[in-house]
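S.K.: One structure follows; several queries about it will come next.
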Amino acid sequence: MTSSSQGDPVRFLAWLGGHELAVLLAFVGIASGIWLFGLIAGEVMEGDTQSFDRRLLLSMRRPADRAPLGPPGVQEAARDITALGGPTVLALLTLITGGFLLLDGKKHLAIFVYTSVAGGGLLSTILKSLFQRPRPDLVPYATIVSNTSFPSGHSMLSAVTYLTLGAILARSQKRKRLKAYFLLVAALLTFLVGVSRVYLGVHWPTDVLAGWIAGASWAILCWLVARWLQSRRKIEGES
């Protein structure tokens with residue numbers, strides 16, 4: 001074993017000691033996310049969330065024909081919003097963000113962004129293949145769907161992409177207003193995409209909730225790793 005690898009744990013512990021509160025909150029967030037996801041998944045697999053899911057899903061539908069509430073324009077807006085969580089839009093956004101970082105001289109941070117988002121996408125695919133939950137059958141779908149329901153891929157990938165990009169872009173700036181702006185926009189987009197999935201009838205509410213939790217936990221993990229790598233000067237930091 002090299003002296004460099006032997007010193008890594010020591011440097012990591014020293015780094016932890018110098019950033020106790022932020023790192024502690026990040027670890028608590030990740031642990032809480034894993035626990036909550038496991039709790040929801042267990043309840044879903046046992047069928048204990050069916051009443052809650054049905055009630056909330058039907059609350060967004062007209063009792064007569066179970067069509068989405070609101071005029072056609074609202075439904076079209078919901079489809080536009082849900083597209084923001086689709087793989088095509090998220091892939092383009094990630095490529096554009098990485099391109100911006102490359103032009104800004106942050107090559108290693110751009111690579112980290114691509115790796116983080118791709119890893120979150122892979123995790124989403126694995127989770128959906130594990131649970132194999134059928135999609136809702138109570139209402140007609142207002143948009144095209146494929147594959148299984150739990151967790152919501154749009155919700156999870158939105159959280160993975162927007163929150164990861166927001167957190168990393170916030171880490172690339174010193175001004176607190178810019179940091180807050182990136183994080184608030186990321187959280188708002190993630191929320192709207194998830195709500196649109198239930199409104200359009202293609203996901204149970206617990207699918208969306210689990211997707212949010214899994215995606216947010218991944219984003220926190222990426223933020224924590226980025227912070228560690230920036231402290232080691234492996235990727236570019238604030239500018």
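Chain lettering (A, B, ...) mirrors the order of the structure tokens, residue numbering begins at 1 for each chain separately, and ligand numbering begins at 1 in order of display.
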Could you list, with a cut-off of 10 Å and counting only C-alpha atoms, the residues of range 63-176 of chain A near range 194-218 of chain A, each shown with its nearest atom pair and the distance in Å rounded to one decimal, rows sorted by chain and ascending number, as CSV?
M.R.:
residue,atom,partner,partner_atom,distance
A:Arg66,CA,A:Gly201,CA,9.7
A:Ala67,CA,A:Leu200,CA,9.0
A:Pro68,CA,A:Tyr199,CA,6.6
A:Leu69,CA,A:Tyr199,CA,8.3
A:Gln75,CA,A:Leu200,CA,7.6
A:Glu76,CA,A:Leu200,CA,9.9
A:Ala77,CA,A:Ser196,CA,9.1
A:Ala78,CA,A:Ser196,CA,5.4
A:Arg79,CA,A:Ser196,CA,7.3
A:Asp80,CA,A:Ser196,CA,9.2
A:Ile81,CA,A:Ser196,CA,6.8
A:Thr82,CA,A:Ser196,CA,5.7
A:Ala83,CA,A:Ser196,CA,9.5
A:Gly85,CA,A:Gly194,CA,8.4
A:Ser116,CA,A:Trp218,CA,8.5
A:Val117,CA,A:Trp218,CA,9.2
A:Gly119,CA,A:Trp218,CA,9.0
A:Gly120,CA,A:Trp218,CA,6.7
A:Gly121,CA,A:Gly215,CA,9.3
A:Leu123,CA,A:Ala214,CA,9.0
A:Ser124,CA,A:Gly211,CA,8.3
A:Leu127,CA,A:Ala214,CA,9.6
A:Arg133,CA,A:Asp207,CA,9.1
A:Pro134,CA,A:His203,CA,9.2
A:Arg135,CA,A:His203,CA,6.0
A:Pro136,CA,A:His203,CA,6.1
A:Asp137,CA,A:Gly201,CA,8.7
A:Leu138,CA,A:Gly201,CA,8.2
A:Val139,CA,A:Gly201,CA,6.2
A:Pro140,CA,A:Gly201,CA,6.7
A:Tyr141,CA,A:Gly201,CA,5.2
A:Ala142,CA,A:Leu200,CA,5.0
A:Thr143,CA,A:Leu200,CA,6.7
A:Ile144,CA,A:Val202,CA,8.4
A:Val145,CA,A:Val202,CA,7.0
A:Ser146,CA,A:Val202,CA,9.5
A:Thr148,CA,A:His203,CA,9.4
A:Ser149,CA,A:His203,CA,6.2
A:Phe150,CA,A:Asp207,CA,4.9
A:Pro151,CA,A:Asp207,CA,4.5
A:Ser152,CA,A:Asp207,CA,4.9
A:Gly153,CA,A:Gly211,CA,6.7
A:His154,CA,A:Gly194,CA,7.0
A:Ser155,CA,A:Gly194,CA,4.9
A:Met156,CA,A:Gly211,CA,4.0
A:Leu157,CA,A:Gly215,CA,6.5
A:Ser158,CA,A:Gly215,CA,7.4
A:Ala159,CA,A:Gly215,CA,4.6
A:Val160,CA,A:Gly215,CA,4.5
A:Thr161,CA,A:Gly215,CA,8.2
A:Tyr162,CA,A:Gly215,CA,9.4
A:Leu163,CA,A:Ala216,CA,6.8
A:Thr164,CA,A:Trp218,CA,7.9
S.K.: Just list the residues in range 5-156 of chain A DSSP gives helix (DSSP H, G or I) on the backbone, as a ChimeraX atom specification.
M.R.: /A:5-18,20-46,50-58,72-83,87-103,107-131,153-156
S.K.: Using only C-alpha atoms, which of the listed residues (A:Gly70, A:Gly86, A:Gln230, A:Val113) sits closest to Gly99 in chain A?
M.R.: A:Val113
S.K.: What is the distance between CA of Arg233 in chain A and CA of Leu169 in chain A, in Å to one decimal?
M.R.: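 Interatomic distance here is 16.4 Å.
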S.K.: Can you work out the spacing between CA of Leu188 in chain A and CA of Phe37 in chain A in Å, to one decimal?
M.R.: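 So the answer is 20.8 Å.
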S.K.: Smallest atom-to-atom distance to Ile30 in chain A: which of A:Val225, A:Ile168, A:Ala118, A:Ile220, using only C-alpha atoms?
M.R.: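 Selected residue with least distance to Ile30 in chain A: A:Ile220.
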S.K.: Can you tell me, as a list in words, what residues are no more than 10 Å from range 92-98 of chain A when counting only C-alpha atoms, ignoring any on the same chain fewer than 2 positions away?
M.R.: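 In the requested form, the answer reads Leu84, Pro87, Thr88, Val89, Leu90, Phe100, Leu101, Leu102, Leu103, Asp104, Lys106, Lys107, His108, Leu109, Ala110, Ile111, Phe112, Val113, Tyr114, Val117, Ala118, Thr161, Tyr162, Leu165 and Leu169 of chain A.
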S.K.: I'd like to know which of A:Gly166, A:Lys128, A:Phe52, A:Ala64 is closest to Cys222 in chain A, using only C-alpha atoms.
M.R.: A:Gly166
S.K.: Would you work out the distance separating CA of Leu183 in chain A from CA of Gly33 in chain A, expressed in Å to one decimal?
M.R.: 18.2 Å
